[in-house]
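Shown next: my_file.pdb, containing PDB, C-alpha atoms (C1' of nucleotides).
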ATOM      1  CA  MET A   7      26.208   2.723 -17.186
ATOM      2  CA  ASP A   8      23.232   1.787 -19.346
ATOM      3  CA  PRO A   9      19.532   2.728 -19.167
ATOM      4  CA  ILE A  10      17.604   0.650 -16.657
ATOM      5  CA  ARG A  11      14.163   1.694 -17.827
ATOM      6  CA  SER A  12      14.237   1.446 -21.630
ATOM      7  CA  GLU A  13      10.552   2.364 -21.855
ATOM      8  CA  PHE A  14      11.427   5.908 -20.809
ATOM      9  CA  VAL A  15      14.350   6.531 -23.179
ATOM     10  CA  PRO A  16      13.633   9.856 -24.918
ATOM     11  CA  ASP A  17      13.048   9.226 -28.625
ATOM     12  CA  ALA A  18      13.507  12.264 -30.857
ATOM     13  CA  SER A  19      11.377  10.722 -33.620
ATOM     14  CA  LEU A  20       8.181  10.794 -31.553
ATOM     15  CA  THR A  21       5.429  13.273 -32.322
ATOM     16  CA  ARG A  22       5.013  16.194 -30.004
ATOM     17  CA  GLU A  23       1.937  14.579 -28.472
ATOM     18  CA  GLU A  24       3.805  11.329 -27.901
ATOM     19  CA  MET A  25       6.664  13.222 -26.280
ATOM     20  CA  GLU A  26       4.329  14.977 -23.877
ATOM     21  CA  SER A  27       2.572  11.735 -23.087
ATOM     22  CA  LEU A  28       5.899  10.045 -22.327
ATOM     23  CA  GLN A  29       6.772  12.937 -20.033
ATOM     24  CA  ARG A  30       3.592  12.323 -18.044
ATOM     25  CA  GLU A  31       4.629   8.687 -17.647
ATOM     26  CA  VAL A  32       8.112   9.746 -16.575
ATOM     27  CA  ALA A  33       6.665  12.106 -13.962
ATOM     28  CA  ALA A  34       4.398   9.343 -12.667
ATOM     29  CA  ALA A  35       7.407   7.020 -12.348
ATOM     30  CA  ALA A  36       9.595   9.618 -10.648
ATOM     31  CA  THR A  37      10.291   9.582  -6.909
ATOM     32  CA  TRP A  38      10.510  12.981  -5.206
ATOM     33  CA  ALA A  39      11.621  11.720  -1.837
ATOM     34  CA  ASP A  40      15.093  10.857  -0.587
ATOM     35  CA  VAL A  41      15.941   7.384  -1.821
ATOM     36  CA  PHE A  42      19.701   7.122  -1.779
ATOM     37  CA  ASP A  43      22.376   5.471   0.325
ATOM     38  CA  PHE A  44      24.929   8.188   0.951
ATOM     39  CA  ASP A  45      25.066  10.685   3.781
ATOM     40  CA  PRO A  46      24.000  14.130   2.470
ATOM     41  CA  GLY A  47      26.501  15.618   4.904
ATOM     42  CA  SER A  48      29.335  13.940   3.022
ATOM     43  CA  ILE A  49      28.585  15.986  -0.115
ATOM     44  CA  GLY A  50      30.553  19.118  -0.883
ATOM     45  CA  ALA A  51      32.863  21.034   1.439
ATOM     46  CA  GLY A  52      35.774  19.383  -0.301
ATOM     47  CA  GLY A  53      34.468  16.000   0.757
ATOM     48  CA  ASP A  54      34.809  16.728   4.459
ATOM     49  CA  LEU A  55      32.217  15.191   6.715
ATOM     50  CA  ALA A  56      29.810  17.577   8.409
ATOM     51  CA  THR A  57      30.665  18.060  12.067
ATOM     52  CA  ASP A  58      27.943  20.113  13.715
ATOM     53  CA  GLY A  59      27.626  17.761  16.667
ATOM     54  CA  ASP A  60      30.317  15.562  18.096
ATOM     55  CA  ALA A  61      28.867  12.254  19.243
ATOM     56  CA  ARG A  62      27.447  11.646  15.786
ATOM     57  CA  GLN A  63      30.620  10.847  13.917
ATOM     58  CA  ALA A  64      31.130   7.689  15.931
ATOM     59  CA  THR A  65      27.864   6.305  14.598
ATOM     60  CA  LEU A  66      28.957   6.647  10.962
ATOM     61  CA  PRO A  67      30.503   3.546   9.397
ATOM     62  CA  PRO A  68      34.237   4.322   9.483
ATOM     63  CA  GLU A  69      34.840   2.542   6.198
ATOM     64  CA  SER A  70      31.964   4.284   4.393
ATOM     65  CA  PRO A  71      33.437   5.731   1.173
ATOM     66  CA  LEU A  72      32.448   9.159  -0.075
ATOM     67  CA  PRO A  73      29.656   9.092  -2.663
ATOM     68  CA  LEU A  74      30.256   9.400  -6.383
ATOM     69  CA  VAL A  75      28.831  12.682  -7.656
ATOM     70  CA  ALA A  76      28.551  13.225 -11.406
ATOM     71  CA  GLY A  77      28.118  16.396 -13.415
ATOM     72  CA  VAL A  78      26.587  16.354 -16.913
ATOM     73  CA  ASP A  79      26.893  19.038 -19.556
ATOM     74  CA  GLN A  80      26.977  19.513 -23.295
ATOM     75  CA  ALA A  81      28.585  21.668 -25.941
ATOM     76  CA  PHE A  82      27.442  21.988 -29.543
ATOM     77  CA  LEU A  83      29.184  21.896 -32.882
ATOM     78  CA  ASP A  84      27.009  22.454 -35.935
ATOM     79  CA  ASP A  85      24.433  19.674 -35.761
ATOM     80  CA  ARG A  86      26.331  17.563 -33.275
ATOM     81  CA  ALA A  87      26.226  17.441 -29.498
ATOM     82  CA  VAL A  88      29.278  16.815 -27.324
ATOM     83  CA  SER A  89      27.916  15.214 -24.151
ATOM     84  CA  VAL A  90      30.074  14.592 -21.113
ATOM     85  CA  VAL A  91      29.856  13.061 -17.654
ATOM     86  CA  VAL A  92      32.456  13.889 -15.011
ATOM     87  CA  VAL A  93      32.457  11.763 -11.851
ATOM     88  CA  ARG A  94      34.057  12.827  -8.584
ATOM     89  CA  ARG A  95      34.611  11.223  -5.180
ATOM     90  CA  GLY A  96      35.222  14.083  -2.788
ATOM     91  CA  ASP A  97      37.566  16.380  -4.691
ATOM     92  CA  GLU A  98      39.043  13.657  -6.840
ATOM     93  CA  ILE A  99      37.918  13.111 -10.414
ATOM     94  CA  VAL A 100      37.581   9.359 -10.815
ATOM     95  CA  GLU A 101      36.153   9.106 -14.323
ATOM     96  CA  ARG A 102      35.200  11.141 -17.360
ATOM     97  CA  ALA A 103      33.169   9.926 -20.314
ATOM     98  CA  HIS A 104      31.946  11.606 -23.451
ATOM     99  CA  ALA A 105      30.046  11.024 -26.681
ATOM    100  CA  VAL A 106      29.654  12.968 -29.911
ATOM    101  CA  THR A 107      26.185  12.553 -31.376
ATOM    102  CA  ASP A 108      24.130  13.936 -34.246
ATOM    103  CA  LEU A 109      21.292  16.154 -33.090
ATOM    104  CA  GLU A 110      17.910  15.194 -34.474
ATOM    105  CA  ILE A 111      15.575  17.969 -33.415
ATOM    106  CA  PRO A 112      15.816  21.658 -32.520
ATOM    107  CA  TYR A 113      15.526  23.070 -29.029
ATOM    108  CA  ILE A 114      11.911  23.397 -27.961
ATOM    109  CA  PRO A 115      11.131  24.717 -24.470
ATOM    110  CA  GLY A 116       9.598  21.852 -22.505
ATOM    111  CA  LEU A 117      11.040  19.172 -24.792
ATOM    112  CA  LEU A 118      14.739  19.592 -24.080
ATOM    113  CA  ALA A 119      15.166  15.950 -23.034
ATOM    114  CA  PHE A 120      14.213  14.807 -26.532
ATOM    115  CA  ARG A 121      16.982  16.891 -28.074
ATOM    116  CA  GLU A 122      19.725  16.237 -25.514
ATOM    117  CA  GLY A 123      18.633  13.065 -23.759
ATOM    118  CA  GLY A 124      19.858  10.645 -26.429
ATOM    119  CA  PRO A 125      23.318  12.235 -26.583
ATOM    120  CA  ILE A 126      23.538  12.233 -22.773
ATOM    121  CA  LEU A 127      22.612   8.550 -22.576
ATOM    122  CA  ALA A 128      25.303   7.845 -25.171
ATOM    123  CA  ALA A 129      27.847   9.423 -22.833
ATOM    124  CA  PHE A 130      26.526   7.384 -19.888
ATOM    125  CA  ALA A 131      26.883   4.229 -21.979
ATOM    126  CA  GLU A 132      30.625   4.941 -22.035
ATOM    127  CA  LEU A 133      30.718   5.360 -18.269
ATOM    128  CA  GLU A 134      31.902   2.478 -16.117
ATOM    129  CA  SER A 135      31.134   3.804 -12.656
ATOM    130  CA  GLU A 136      27.656   4.148 -11.176
ATOM    131  CA  PRO A 137      27.209   7.620  -9.647
ATOM    132  CA  ASP A 138      25.345   8.043  -6.361
ATOM    133  CA  LEU A 139      24.061  11.423  -7.525
ATOM    134  CA  VAL A 140      23.922  13.135 -10.911
ATOM    135  CA  VAL A 141      23.725  16.917 -11.350
ATOM    136  CA  PHE A 142      22.108  17.978 -14.628
ATOM    137  CA  ASP A 143      22.282  21.270 -16.473
ATOM    138  CA  GLY A 144      18.558  22.072 -16.746
ATOM    139  CA  SER A 145      15.296  21.571 -14.880
ATOM    140  CA  GLY A 146      13.858  18.552 -13.138
ATOM    141  CA  ARG A 147      10.441  18.989 -11.565
ATOM    142  CA  ILE A 148      10.339  22.634 -12.609
ATOM    143  CA  HIS A 149       8.697  21.708 -15.889
ATOM    144  CA  TYR A 150       5.236  21.863 -17.495
ATOM    145  CA  ARG A 151       4.707  18.155 -16.812
ATOM    146  CA  GLN A 152       7.271  17.811 -13.997
ATOM    147  CA  ALA A 153       9.497  15.808 -16.321
ATOM    148  CA  GLY A 154      12.431  18.026 -17.209
ATOM    149  CA  LEU A 155      15.804  16.718 -18.369
ATOM    150  CA  ALA A 156      17.049  15.859 -14.860
ATOM    151  CA  THR A 157      13.896  13.908 -14.099
ATOM    152  CA  HIS A 158      13.708  12.177 -17.468
ATOM    153  CA  ILE A 159      17.290  10.929 -17.490
ATOM    154  CA  GLY A 160      17.258  10.270 -13.749
ATOM    155  CA  VAL A 161      14.218   7.999 -14.114
ATOM    156  CA  THR A 162      15.611   6.314 -17.234
ATOM    157  CA  LEU A 163      18.843   5.429 -15.428
ATOM    158  CA  ASP A 164      17.073   5.088 -12.063
ATOM    159  CA  VAL A 165      19.733   7.230 -10.436
ATOM    160  CA  PRO A 166      19.299   9.995  -7.816
ATOM    161  CA  SER A 167      19.441  13.288  -9.695
ATOM    162  CA  VAL A 168      18.944  17.039  -9.393
ATOM    163  CA  GLY A 169      18.443  19.720 -12.002
ATOM    164  CA  VAL A 170      20.228  23.076 -11.931
ATOM    165  CA  ALA A 171      18.956  25.707 -14.378
ATOM    166  CA  LYS A 172      20.233  29.224 -14.963
ATOM    167  CA  GLY A 173      16.754  30.390 -15.887
ATOM    168  CA  LEU A 174      13.212  29.619 -14.738
ATOM    169  CA  LEU A 175      11.137  27.570 -17.187
ATOM    170  CA  CYS A 176       7.811  27.743 -15.353
ATOM    171  CA  GLY A 177       6.345  27.961 -11.872
ATOM    172  CA  THR A 178       6.114  30.965  -9.557
ATOM    173  CA  PRO A 179       8.720  32.128  -7.025
ATOM    174  CA  ASP A 180       7.354  32.846  -3.537
ATOM    175  CA  ASP A 181       9.305  36.099  -3.367
ATOM    176  CA  VAL A 182      11.004  38.560  -5.678
ATOM    177  CA  VAL A 183      14.349  36.978  -6.497
ATOM    178  CA  ASP A 184      16.373  40.045  -7.482
ATOM    179  CA  GLY A 185      19.178  41.385  -5.313
ATOM    180  CA  ARG A 186      19.225  38.657  -2.689
ATOM    181  CA  PRO A 187      22.171  37.830  -0.436
ATOM    182  CA  GLU A 188      24.245  34.700  -0.859
ATOM    183  CA  GLY A 189      22.583  31.661   0.722
ATOM    184  CA  TRP A 190      19.051  33.003   0.251
ATOM    185  CA  ARG A 191      16.407  30.736  -1.230
ATOM    186  CA  THR A 192      12.689  30.802  -1.974
ATOM    187  CA  PRO A 193      10.283  28.078  -3.083
ATOM    188  CA  ILE A 194       9.151  27.766  -6.690
ATOM    189  CA  ARG A 195       5.498  26.765  -6.590
ATOM    190  CA  ALA A 196       3.388  25.009  -9.173
ATOM    191  CA  ASP A 197       0.957  27.311 -10.968
ATOM    192  CA  ASP A 198      -1.470  26.778 -13.857
ATOM    193  CA  ASP A 199       1.437  26.086 -16.202
ATOM    194  CA  VAL A 200       2.279  22.888 -14.290
ATOM    195  CA  GLU A 201      -0.446  20.533 -15.356
ATOM    196  CA  ASN A 202       0.141  17.558 -13.064
ATOM    197  CA  ALA A 203       0.808  19.246  -9.718
ATOM    198  CA  GLU A 204      -1.349  20.609  -6.938
ATOM    199  CA  PRO A 205      -1.450  24.413  -7.246
ATOM    200  CA  GLY A 206       0.978  25.914  -4.755
ATOM    201  CA  GLU A 207       2.984  22.729  -4.407
ATOM    202  CA  THR A 208       6.714  23.394  -4.071
ATOM    203  CA  ILE A 209       8.512  21.961  -7.094
ATOM    204  CA  GLY A 210      11.930  23.539  -6.606
ATOM    205  CA  HIS A 211      13.818  26.556  -5.319
ATOM    206  CA  ALA A 212      15.441  29.721  -6.520
ATOM    207  CA  LEU A 213      18.842  29.675  -4.807
ATOM    208  CA  GLN A 214      21.180  32.644  -4.560
ATOM    209  CA  SER A 215      24.302  30.510  -4.688
ATOM    210  CA  LYS A 216      26.650  33.446  -5.201
ATOM    211  CA  GLN A 217      26.461  37.176  -4.530
ATOM    212  CA  TYR A 218      28.781  40.119  -4.070
ATOM    213  CA  ASP A 219      28.634  42.379  -1.036
ATOM    214  CA  SER A 220      28.020  45.905  -2.294
ATOM    215  CA  ARG A 221      25.970  45.664  -5.471
ATOM    216  CA  PRO A 222      23.749  42.687  -6.356
ATOM    217  CA  ILE A 223      24.608  41.600  -9.897
ATOM    218  CA  VAL A 224      24.325  37.807  -9.837
ATOM    219  CA  ASN A 225      21.122  35.968 -10.766
ATOM    220  CA  PRO A 226      19.967  33.002  -8.710
ATOM    221  CA  ILE A 227      19.988  29.436  -9.979
ATOM    222  CA  TYR A 228      16.853  27.290 -10.115
ATOM    223  CA  VAL A 229      17.195  23.921  -8.432
ATOM    224  CA  SER A 230      14.660  21.111  -8.651
ATOM    225  CA  PRO A 231      14.589  17.384  -7.935
ATOM    226  CA  GLY A 232      15.239  15.016 -10.773
ATOM    227  CA  HIS A 233      14.585  11.603  -9.253
ATOM    228  CA  ARG A 234      14.940   9.978  -5.813
ATOM    229  CA  VAL A 235      15.647  13.328  -4.127
ATOM    230  CA  ALA A 236      13.245  15.556  -2.158
ATOM    231  CA  VAL A 237      12.885  19.257  -2.976
ATOM    232  CA  ASP A 238      14.617  20.556   0.149
ATOM    233  CA  THR A 239      17.339  17.916   0.050
ATOM    234  CA  GLY A 240      18.117  18.617  -3.594
ATOM    235  CA  THR A 241      18.631  22.304  -2.921
ATOM    236  CA  ASP A 242      20.692  21.545   0.189
ATOM    237  CA  LEU A 243      22.946  19.237  -1.829
ATOM    238  CA  VAL A 244      23.400  21.728  -4.639
ATOM    239  CA  GLU A 245      24.161  24.518  -2.196
ATOM    240  CA  ARG A 246      26.907  22.423  -0.651
ATOM    241  CA  LEU A 247      28.323  21.732  -4.114
ATOM    242  CA  CYS A 248      28.608  25.443  -4.946
ATOM    243  CA  ASP A 249      32.109  26.027  -3.671
ATOM    244  CA  GLY A 250      32.148  29.816  -3.767
ATOM    245  CA  TYR A 251      30.838  29.861  -7.324
ATOM    246  CA  LYS A 252      27.395  30.400  -8.817
ATOM    247  CA  LEU A 253      27.241  26.909 -10.324
ATOM    248  CA  PRO A 254      27.895  23.619  -8.503
ATOM    249  CA  GLU A 255      31.363  22.157  -8.979
ATOM    250  CA  PRO A 256      30.189  19.056 -10.877
ATOM    251  CA  THR A 257      28.591  21.199 -13.593
ATOM    252  CA  ARG A 258      31.614  23.488 -13.757
ATOM    253  CA  LEU A 259      33.883  20.495 -14.299
ATOM    254  CA  ALA A 260      31.544  19.014 -16.876
ATOM    255  CA  ASP A 261      31.323  22.361 -18.644
ATOM    256  CA  ALA A 262      35.105  22.644 -18.863
ATOM    257  CA  TYR A 263      35.484  19.074 -20.090
ATOM    258  CA  ALA A 264      32.773  19.533 -22.724
ATOM    259  CA  ASP A 265      34.622  22.588 -24.045
ATOM    260  CA  GLU A 266      37.849  20.609 -24.119
ATOM    261  CA  VAL A 267      36.313  17.749 -26.103
ATOM    262  CA  LYS A 268      34.620  20.212 -28.417
ATOM    263  CA  ARG A 269      37.956  21.900 -29.194
ATOM    264  CA  ASN A 270      39.513  18.552 -30.036
ATOM    265  CA  VAL A 271      36.607  17.535 -32.244
ATOM    266  CA  ALA A 272      36.658  20.916 -33.999
ATOM    267  CA  SER A 273      40.340  20.665 -34.898
ATOM    268  CA  GLY A 274      41.246  16.976 -35.010
ATOM    269  CA  GLY A 275      38.323  14.797 -36.042
TER     270      GLY A 275
ATOM    271  C1'  DG B   4      -2.752  38.679 -31.660
ATOM    272  C1'  DC B   5       0.908  39.160 -27.682
ATOM    273  C1'  DG B   6       4.074  37.452 -24.317
ATOM    274  C1'  DA B   7       6.903  33.534 -22.142
ATOM    275  C1'  DC B   8       9.873  29.908 -22.869
ATOM    276  C1'  DA B   9      15.684  24.957 -19.348
ATOM    277  C1'  DG B  10      19.683  24.375 -23.345
TER     278       DG B  10
ATOM    279  C1'  DA C  15      23.391  26.726 -26.578
ATOM    280  C1'  DT C  16      26.673  29.735 -29.901
ATOM    281  C1'  DC C  17      29.512  34.061 -32.165
ATOM    282  C1'  DT C  18      33.713  36.940 -29.085
ATOM    283  C1'  DT C  19      38.380  41.266 -26.348
ATOM    284  C1'  DG C  20      38.832  43.623 -23.202
ATOM    285  C1'  DT C  21      37.564  45.448 -18.979
ATOM    286  C1'  DC C  22      36.182  46.088 -14.315
ATOM    287  C1'  DG C  23      37.011  44.872  -9.317
ATOM    288  C1'  DC C  24      32.332  43.019  -6.383
TER     289       DC C  24
END

Rewritten as structure tokens:
Amino acid sequence: MDPIRSEFVPDASLTREEMESLQREVAAAATWADVFDFDPGSIGAGGDLATDGDARQATLPPESPLPLVAGVDQAFLDDRAVSVVVVRRGDEIVERAHAVTDLEIPYIPGLLAFREGGPILAAFAELESEPDLVVFDGSGRIHYRQAGLATHIGVTLDVPSVGVAKGLLCGTPDDVVDGRPEGWRTPIRADDDVENAEPGETIGHALQSKQYDSRPIVNPIYVSPGHRVAVDTGTDLVERLCDGYKLPEPTRLADAYADEVKRNVASGG
DNA sequence: GCGACAG
DNA sequence: ATCTTGTCGC
């Protein structure tokens, strides 16, 4: 799978100003509404179709295959990035791709896509299948210019995408997020730190994807649209992909595969 | 000057 | 992100 929109490919040799300017163009090109073919109800739950009615199933195309959902993650080894993409159909892993790339710039909050975007696109270049949805490890719209990693790569590949971050980069939660029960969510709203959004606009959610009964010890995850997915839909999809764990299954699989490749690179080549 | 800051 | 053993019990 190769980049569709080459003009948006994150270039680590740009100046900081050029990077920020490109991010504004990426945000302007992004679509934050549902533009995808698959049935959201066919995501997660082990690939089972949702059955909360009964006359509805007959209207679904019987031959409609489950969507391809990809997880993306990276591991690091000195000045190299190990980037991986793991693609599933239901519970079955149908393809894995990886790339080992030299890192060109350090991590800078707000410019993550310029450090990790190139390596991630290198992994996608090795991928044969075309995912229906890609889950990224990082923010999408929850970003100073609404162009986080999930949005930037999603727009560059023109693929539906969502961002899942373990921490909040910017924006303001509607409610206190600590100690919430599993399944709870609250909007993340644009504040003065988000330069190209209406103040108060919902740009993502804090989602308590996992919690224990007696004592609250798990932090929420921060979900935001990347591209071609609406805010509510993105969080719904991610929630369905969290199969009893804090992180969605695609990212957990990608994380494990990245570690595996990293071990091999560290010892073998 | 101080604090905040995805991975 | 990464360096790391055991330990606790959700």

* Compute the set of chain C residues within 9 Å of chain A, using only C-alpha atoms (C1' of nucleotides), and express it as a list in words. =>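 The complete set of qualifying residues is DA15, DT16 and DC24 of chain C.
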
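For the atom pair formed by CA of Ile99 in chain A and CA of Leu127 in chain A, the distance is 20.1 Å, given to one decimal.
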
* Residue list for chain B near chain A as a ChimeraX atom specification, 9 Å, all atoms listed in the file -> /B:7-10

* Point-to-point distance from CA of Pro256 in chain A to CA of Glu26 in chain A, Å rounded to tenths -> 29.2 Å

* Asked: Which value, in Å to one decimal, gives the distance between CA of Ser167 in chain A and CA of Gly185 in chain A?
  ->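 CA of Gly185 in chain A lies 28.4 Å from CA of Ser167 in chain A.
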
Kindly add N, CA, C and O atoms to the incomplete range 26-49 of chain A and provide the output as a short mmCIF file (atom, residue, chain, number, x, y, z; two decimals), in the coordinates of the input.
data_model
loop_
_atom_site.label_atom_id
_atom_site.label_comp_id
_atom_site.auth_asym_id
_atom_site.auth_seq_id
_atom_site.Cartn_x
_atom_site.Cartn_y
_atom_site.Cartn_z
N GLU A 26 4.99 14.46 -25.08
CA GLU A 26 4.33 14.98 -23.88
C GLU A 26 3.70 13.85 -23.07
O GLU A 26 3.73 13.86 -21.84
N SER A 27 3.17 12.88 -23.77
CA SER A 27 2.57 11.74 -23.09
C SER A 27 3.64 10.91 -22.35
O SER A 27 3.43 10.46 -21.22
N LEU A 28 4.79 10.76 -22.99
CA LEU A 28 5.90 10.04 -22.33
C LEU A 28 6.37 10.81 -21.09
O LEU A 28 6.69 10.22 -20.05
N GLN A 29 6.36 12.13 -21.18
CA GLN A 29 6.77 12.94 -20.03
C GLN A 29 5.82 12.74 -18.85
O GLN A 29 6.25 12.71 -17.70
N ARG A 30 4.54 12.58 -19.14
CA ARG A 30 3.59 12.32 -18.04
C ARG A 30 3.89 10.98 -17.39
O ARG A 30 3.78 10.82 -16.18
N GLU A 31 4.28 10.00 -18.20
CA GLU A 31 4.63 8.69 -17.65
C GLU A 31 5.92 8.77 -16.83
O GLU A 31 6.04 8.13 -15.78
N VAL A 32 6.86 9.56 -17.31
CA VAL A 32 8.11 9.75 -16.58
C VAL A 32 7.83 10.39 -15.22
O VAL A 32 8.34 9.94 -14.17
N ALA A 33 6.99 11.43 -15.22
CA ALA A 33 6.66 12.11 -13.96
C ALA A 33 5.97 11.15 -12.99
O ALA A 33 6.24 11.18 -11.79
N ALA A 34 5.11 10.30 -13.53
CA ALA A 34 4.40 9.34 -12.67
C ALA A 34 5.35 8.30 -12.08
O ALA A 34 5.10 7.77 -11.01
N ALA A 35 6.44 8.02 -12.81
CA ALA A 35 7.41 7.02 -12.35
C ALA A 35 8.49 7.63 -11.46
O ALA A 35 9.25 6.91 -10.81
N ALA A 36 8.54 8.95 -11.42
CA ALA A 36 9.60 9.62 -10.65
C ALA A 36 9.32 9.55 -9.15
O ALA A 36 8.16 9.51 -8.72
N THR A 37 10.38 9.55 -8.37
CA THR A 37 10.29 9.58 -6.91
C THR A 37 10.87 10.90 -6.42
O THR A 37 12.03 11.20 -6.67
N TRP A 38 10.04 11.70 -5.71
CA TRP A 38 10.51 12.98 -5.21
C TRP A 38 10.63 12.95 -3.69
O TRP A 38 10.10 13.79 -2.96
N ALA A 39 11.28 11.88 -3.25
CA ALA A 39 11.62 11.72 -1.84
C ALA A 39 13.04 11.18 -1.81
O ALA A 39 13.53 10.66 -2.83
N ASP A 40 13.70 11.30 -0.67
CA ASP A 40 15.09 10.86 -0.59
C ASP A 40 15.19 9.34 -0.61
O ASP A 40 14.82 8.67 0.35
N VAL A 41 15.69 8.82 -1.71
CA VAL A 41 15.94 7.38 -1.82
C VAL A 41 17.36 7.19 -2.33
O VAL A 41 17.61 7.00 -3.52
N PHE A 42 18.29 7.33 -1.42
CA PHE A 42 19.70 7.12 -1.78
C PHE A 42 20.45 6.66 -0.54
O PHE A 42 19.96 6.80 0.59
N ASP A 43 21.64 6.10 -0.76
CA ASP A 43 22.38 5.47 0.32
C ASP A 43 23.34 6.39 1.06
O ASP A 43 23.61 6.19 2.24
N PHE A 44 23.85 7.39 0.35
CA PHE A 44 24.93 8.19 0.95
C PHE A 44 24.42 9.17 2.00
O PHE A 44 23.23 9.48 2.08
N ASP A 45 25.35 9.67 2.78
CA ASP A 45 25.07 10.68 3.78
C ASP A 45 25.14 12.06 3.12
O ASP A 45 26.19 12.44 2.61
N PRO A 46 24.01 12.80 3.11
CA PRO A 46 24.00 14.13 2.47
C PRO A 46 25.10 15.03 3.02
O PRO A 46 25.62 15.90 2.32
N GLY A 47 25.46 14.81 4.28
CA GLY A 47 26.50 15.62 4.90
C GLY A 47 27.89 15.35 4.35
O GLY A 47 28.83 16.11 4.60
N SER A 48 28.02 14.27 3.58
CA SER A 48 29.34 13.94 3.02
C SER A 48 29.53 14.58 1.64
O SER A 48 30.57 14.43 1.02
N ILE A 49 28.51 15.31 1.19
CA ILE A 49 28.58 15.99 -0.12
C ILE A 49 29.17 17.37 0.06
O ILE A 49 28.83 18.09 0.99
#
